[in-house]
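Shown below: data.pdb, with PDB, C-alpha atoms.
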MODEL        1
ATOM      1  CA  MET A  14     -19.720   9.983 -24.620  1.00  0.00           C
ATOM      2  CA  SER A  15     -22.589   8.408 -22.735  1.00  0.00           C
ATOM      3  CA  GLN A  16     -22.237   6.152 -19.708  1.00  0.00           C
ATOM      4  CA  GLU A  17     -23.349   3.203 -21.856  1.00  0.00           C
ATOM      5  CA  GLU A  18     -20.613   3.934 -24.401  1.00  0.00           C
ATOM      6  CA  ARG A  19     -17.973   4.173 -21.666  1.00  0.00           C
ATOM      7  CA  ASP A  20     -19.140   0.907 -20.119  1.00  0.00           C
ATOM      8  CA  ALA A  21     -18.955  -0.805 -23.505  1.00  0.00           C
ATOM      9  CA  ARG A  22     -15.416   0.462 -24.160  1.00  0.00           C
ATOM     10  CA  LEU A  23     -14.275  -0.765 -20.751  1.00  0.00           C
ATOM     11  CA  GLY A  24     -15.979  -4.134 -21.048  1.00  0.00           C
ATOM     12  CA  LEU A  25     -18.392  -3.403 -18.222  1.00  0.00           C
ATOM     13  CA  THR A  26     -21.671  -4.025 -20.012  1.00  0.00           C
ATOM     14  CA  GLY A  27     -23.667  -6.837 -18.483  1.00  0.00           C
ATOM     15  CA  LEU A  28     -21.608  -6.889 -15.294  1.00  0.00           C
ATOM     16  CA  THR A  29     -23.191  -6.274 -11.928  1.00  0.00           C
ATOM     17  CA  GLY A  30     -21.829  -5.287  -8.523  1.00  0.00           C
ATOM     18  CA  ALA A  31     -18.854  -7.499  -7.704  1.00  0.00           C
ATOM     19  CA  GLY A  32     -18.088  -8.355 -11.335  1.00  0.00           C
ATOM     20  CA  ARG A  33     -18.031  -4.702 -12.273  1.00  0.00           C
ATOM     21  CA  GLU A  34     -15.790  -3.836  -9.316  1.00  0.00           C
ATOM     22  CA  ALA A  35     -13.397  -6.685 -10.181  1.00  0.00           C
ATOM     23  CA  ARG A  36     -13.155  -5.531 -13.807  1.00  0.00           C
ATOM     24  CA  ILE A  37     -12.490  -1.940 -12.742  1.00  0.00           C
ATOM     25  CA  ARG A  38      -9.835  -3.144 -10.273  1.00  0.00           C
ATOM     26  CA  LEU A  39      -8.095  -5.160 -13.032  1.00  0.00           C
ATOM     27  CA  LEU A  40      -8.185  -2.197 -15.419  1.00  0.00           C
ATOM     28  CA  THR A  41      -6.805   0.121 -12.728  1.00  0.00           C
ATOM     29  CA  GLU A  42      -3.972  -2.276 -11.901  1.00  0.00           C
ATOM     30  CA  ARG A  43      -3.109  -2.594 -15.599  1.00  0.00           C
ATOM     31  CA  VAL A  44      -2.994   1.172 -16.065  1.00  0.00           C
ATOM     32  CA  ASN A  45      -0.850   1.567 -12.934  1.00  0.00           C
ATOM     33  CA  ARG A  46       1.603  -1.110 -14.152  1.00  0.00           C
ATOM     34  CA  GLU A  47       1.843   0.481 -17.589  1.00  0.00           C
ATOM     35  CA  ALA A  48       2.356   3.938 -16.088  1.00  0.00           C
ATOM     36  CA  ALA A  49       5.104   2.655 -13.789  1.00  0.00           C
ATOM     37  CA  ALA A  50       6.839   0.934 -16.713  1.00  0.00           C
ATOM     38  CA  ALA A  51       6.623   4.096 -18.838  1.00  0.00           C
ATOM     39  CA  LYS A  52       8.058   6.220 -16.016  1.00  0.00           C
ATOM     40  CA  ALA A  53      10.905   3.749 -15.478  1.00  0.00           C
ATOM     41  CA  ALA A  54      11.686   3.742 -19.200  1.00  0.00           C
ATOM     42  CA  LEU A  55      11.708   7.528 -19.272  1.00  0.00           C
ATOM     43  CA  ARG A  56      14.011   7.693 -16.242  1.00  0.00           C
ATOM     44  CA  ALA A  57      16.370   5.173 -17.867  1.00  0.00           C
ATOM     45  CA  LYS A  58      16.353   7.106 -21.137  1.00  0.00           C
ATOM     46  CA  ARG A  59      17.100  10.362 -19.361  1.00  0.00           C
ATOM     47  CA  ALA A  60      19.844   8.778 -17.284  1.00  0.00           C
ATOM     48  CA  GLY A  61      21.456   7.383 -20.428  1.00  0.00           C
ATOM     49  CA  HIS A  62      21.750  10.824 -22.001  1.00  0.00           C
ATOM     50  CA  ARG A  63      23.462  12.585 -19.137  1.00  0.00           C
ATOM     51  CA  PRO A  64      27.183  13.131 -19.394  1.00  0.00           C
ATOM     52  CA  PRO A  65      29.269  11.628 -16.589  1.00  0.00           C
ATOM     53  CA  PRO A  66      29.839  14.065 -13.696  1.00  0.00           C
ATOM     54  CA  ASP A  67      33.523  14.585 -14.571  1.00  0.00           C
ATOM     55  CA  ALA A  68      32.630  15.348 -18.206  1.00  0.00           C
ATOM     56  CA  ALA A  69      30.318  18.161 -17.110  1.00  0.00           C
ATOM     57  CA  SER A  70      33.174  19.965 -15.361  1.00  0.00           C
ATOM     58  CA  ALA A  71      35.419  19.463 -18.397  1.00  0.00           C
ATOM     59  CA  PHE A  72      32.855  21.298 -20.514  1.00  0.00           C
ATOM     60  CA  GLY A  73      32.584  24.139 -18.005  1.00  0.00           C
ATOM     61  CA  VAL A  74      29.059  23.201 -16.963  1.00  0.00           C
ATOM     62  CA  SER A  75      28.165  23.635 -13.335  1.00  0.00           C
ATOM     63  CA  GLU A  76      26.363  20.802 -11.575  1.00  0.00           C
ATOM     64  CA  ASN A  77      23.592  23.221 -10.593  1.00  0.00           C
ATOM     65  CA  GLY A  78      22.628  24.009 -14.166  1.00  0.00           C
TER      66      GLY A  78
ENDMDL
END

What's the structure tokens form of this structure?
Amino acid sequence: MSQEERDARLGLTGLTGAGREARIRLLTERVNREAAAAKAALRAKRAGHRPPPDAASAFGVSENG
């Protein structure tokens, strides 16, 4: 993919200096927010599937794996 194609996909065509930097900053912040939300959702999903600590001992599972 050429630089021109990347710029077009990111909405950077026609922007100069400060405008380009502002657009990149907004895109970066959006990606960071989405990544944080995805990580939080994954942590919540994983936490929801763990048995309670007392249930693990009832099944003969050690806490260390």

Note to self: One decimal, in Å: what's the spacing between CA of Arg36 (chain A) and CA of Gly24 (chain A)?
What the structure shows: 7.9 Å

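CA of Leu23 (chain A) to CA of Glu47 (chain A) spans 16.5 Å [interatomic distance, one decimal].
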
Checklist line | Separation of CA of Ala49 (chain A) from CA of Met14 (chain A) in Å | finding: 28.1 Å

Check: A:Ile37, A:Ala48, A:Ala60, A:Ala54: which is nearest Asp20 (chain A), counting all atoms listed in the file?
Finding: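 So, comparing all the options, the nearest one is A:Ile37.
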
Please complete region 48-59 of chain A so it has all heavy atoms, and hand it over as a PDB file, in the coordinates of the input.
ATOM      1  N   ALA A  48       1.833   2.616 -16.429  1.00  0.00           N
ATOM      2  CA  ALA A  48       2.356   3.938 -16.088  1.00  0.00           C
ATOM      3  C   ALA A  48       3.707   3.814 -15.395  1.00  0.00           C
ATOM      4  O   ALA A  48       4.642   4.573 -15.708  1.00  0.00           O
ATOM      5  CB  ALA A  48       1.364   4.690 -15.195  1.00  0.00           C
ATOM      6  N   ALA A  49       3.832   2.860 -14.484  1.00  0.00           N
ATOM      7  CA  ALA A  49       5.104   2.655 -13.789  1.00  0.00           C
ATOM      8  C   ALA A  49       6.194   2.239 -14.772  1.00  0.00           C
ATOM      9  O   ALA A  49       7.330   2.725 -14.690  1.00  0.00           O
ATOM     10  CB  ALA A  49       4.945   1.613 -12.687  1.00  0.00           C
ATOM     11  N   ALA A  50       5.857   1.376 -15.715  1.00  0.00           N
ATOM     12  CA  ALA A  50       6.839   0.934 -16.713  1.00  0.00           C
ATOM     13  C   ALA A  50       7.258   2.100 -17.604  1.00  0.00           C
ATOM     14  O   ALA A  50       8.445   2.249 -17.929  1.00  0.00           O
ATOM     15  CB  ALA A  50       6.259  -0.198 -17.551  1.00  0.00           C
ATOM     16  N   ALA A  51       6.309   2.940 -17.995  1.00  0.00           N
ATOM     17  CA  ALA A  51       6.623   4.096 -18.838  1.00  0.00           C
ATOM     18  C   ALA A  51       7.512   5.084 -18.086  1.00  0.00           C
ATOM     19  O   ALA A  51       8.471   5.628 -18.656  1.00  0.00           O
ATOM     20  CB  ALA A  51       5.342   4.779 -19.304  1.00  0.00           C
ATOM     21  N   LYS A  52       7.233   5.310 -16.812  1.00  0.00           N
ATOM     22  CA  LYS A  52       8.058   6.220 -16.016  1.00  0.00           C
ATOM     23  C   LYS A  52       9.464   5.674 -15.859  1.00  0.00           C
ATOM     24  O   LYS A  52      10.442   6.420 -15.952  1.00  0.00           O
ATOM     25  CB  LYS A  52       7.427   6.444 -14.643  1.00  0.00           C
ATOM     26  CG  LYS A  52       6.196   7.318 -14.682  1.00  0.00           C
ATOM     27  CD  LYS A  52       5.587   7.456 -13.293  1.00  0.00           C
ATOM     28  CE  LYS A  52       4.315   8.257 -13.337  1.00  0.00           C
ATOM     29  NZ  LYS A  52       3.681   8.362 -12.005  1.00  0.00           N
ATOM     30  N   ALA A  53       9.585   4.363 -15.623  1.00  0.00           N
ATOM     31  CA  ALA A  53      10.905   3.749 -15.478  1.00  0.00           C
ATOM     32  C   ALA A  53      11.684   3.854 -16.785  1.00  0.00           C
ATOM     33  O   ALA A  53      12.890   4.146 -16.778  1.00  0.00           O
ATOM     34  CB  ALA A  53      10.762   2.286 -15.051  1.00  0.00           C
ATOM     35  N   ALA A  54      11.023   3.638 -17.902  1.00  0.00           N
ATOM     36  CA  ALA A  54      11.686   3.742 -19.200  1.00  0.00           C
ATOM     37  C   ALA A  54      12.152   5.172 -19.454  1.00  0.00           C
ATOM     38  O   ALA A  54      13.255   5.394 -19.963  1.00  0.00           O
ATOM     39  CB  ALA A  54      10.749   3.279 -20.308  1.00  0.00           C
ATOM     40  N   LEU A  55      11.335   6.127 -19.091  1.00  0.00           N
ATOM     41  CA  LEU A  55      11.708   7.528 -19.272  1.00  0.00           C
ATOM     42  C   LEU A  55      12.901   7.894 -18.389  1.00  0.00           C
ATOM     43  O   LEU A  55      13.834   8.563 -18.838  1.00  0.00           O
ATOM     44  CB  LEU A  55      10.517   8.438 -18.970  1.00  0.00           C
ATOM     45  CG  LEU A  55      10.728   9.923 -19.181  1.00  0.00           C
ATOM     46  CD1 LEU A  55      11.134  10.229 -20.616  1.00  0.00           C
ATOM     47  CD2 LEU A  55       9.457  10.681 -18.820  1.00  0.00           C
ATOM     48  N   ARG A  56      12.870   7.425 -17.130  1.00  0.00           N
ATOM     49  CA  ARG A  56      14.011   7.693 -16.242  1.00  0.00           C
ATOM     50  C   ARG A  56      15.291   7.075 -16.806  1.00  0.00           C
ATOM     51  O   ARG A  56      16.343   7.710 -16.789  1.00  0.00           O
ATOM     52  CB  ARG A  56      13.743   7.142 -14.836  1.00  0.00           C
ATOM     53  CG  ARG A  56      12.867   8.029 -13.987  1.00  0.00           C
ATOM     54  CD  ARG A  56      12.884   7.599 -12.527  1.00  0.00           C
ATOM     55  NE  ARG A  56      12.479   6.218 -12.336  1.00  0.00           N
ATOM     56  CZ  ARG A  56      11.229   5.800 -12.164  1.00  0.00           C
ATOM     57  NH1 ARG A  56      10.245   6.681 -12.144  1.00  0.00           N
ATOM     58  NH2 ARG A  56      10.960   4.528 -11.990  1.00  0.00           N
ATOM     59  N   ALA A  57      15.198   5.847 -17.307  1.00  0.00           N
ATOM     60  CA  ALA A  57      16.370   5.173 -17.867  1.00  0.00           C
ATOM     61  C   ALA A  57      16.876   5.919 -19.100  1.00  0.00           C
ATOM     62  O   ALA A  57      18.088   6.081 -19.283  1.00  0.00           O
ATOM     63  CB  ALA A  57      16.026   3.729 -18.209  1.00  0.00           C
ATOM     64  N   LYS A  58      15.962   6.371 -19.930  1.00  0.00           N
ATOM     65  CA  LYS A  58      16.353   7.106 -21.137  1.00  0.00           C
ATOM     66  C   LYS A  58      17.052   8.405 -20.761  1.00  0.00           C
ATOM     67  O   LYS A  58      18.094   8.739 -21.325  1.00  0.00           O
ATOM     68  CB  LYS A  58      15.112   7.401 -21.979  1.00  0.00           C
ATOM     69  CG  LYS A  58      15.411   8.125 -23.254  1.00  0.00           C
ATOM     70  CD  LYS A  58      14.152   8.368 -24.057  1.00  0.00           C
ATOM     71  CE  LYS A  58      14.452   9.159 -25.311  1.00  0.00           C
ATOM     72  NZ  LYS A  58      13.258   9.452 -26.079  1.00  0.00           N
ATOM     73  N   ARG A  59      16.485   9.102 -19.798  1.00  0.00           N
ATOM     74  CA  ARG A  59      17.100  10.362 -19.361  1.00  0.00           C
ATOM     75  C   ARG A  59      18.464  10.119 -18.735  1.00  0.00           C
ATOM     76  O   ARG A  59      19.397  10.877 -18.955  1.00  0.00           O
ATOM     77  CB  ARG A  59      16.189  11.086 -18.380  1.00  0.00           C
ATOM     78  CG  ARG A  59      14.983  11.697 -19.029  1.00  0.00           C
ATOM     79  CD  ARG A  59      14.096  12.366 -18.010  1.00  0.00           C
ATOM     80  NE  ARG A  59      12.974  13.029 -18.648  1.00  0.00           N
ATOM     81  CZ  ARG A  59      11.904  13.436 -18.003  1.00  0.00           C
ATOM     82  NH1 ARG A  59      11.798  13.262 -16.692  1.00  0.00           N
ATOM     83  NH2 ARG A  59      10.927  14.030 -18.645  1.00  0.00           N
TER      84      ARG A  59
END
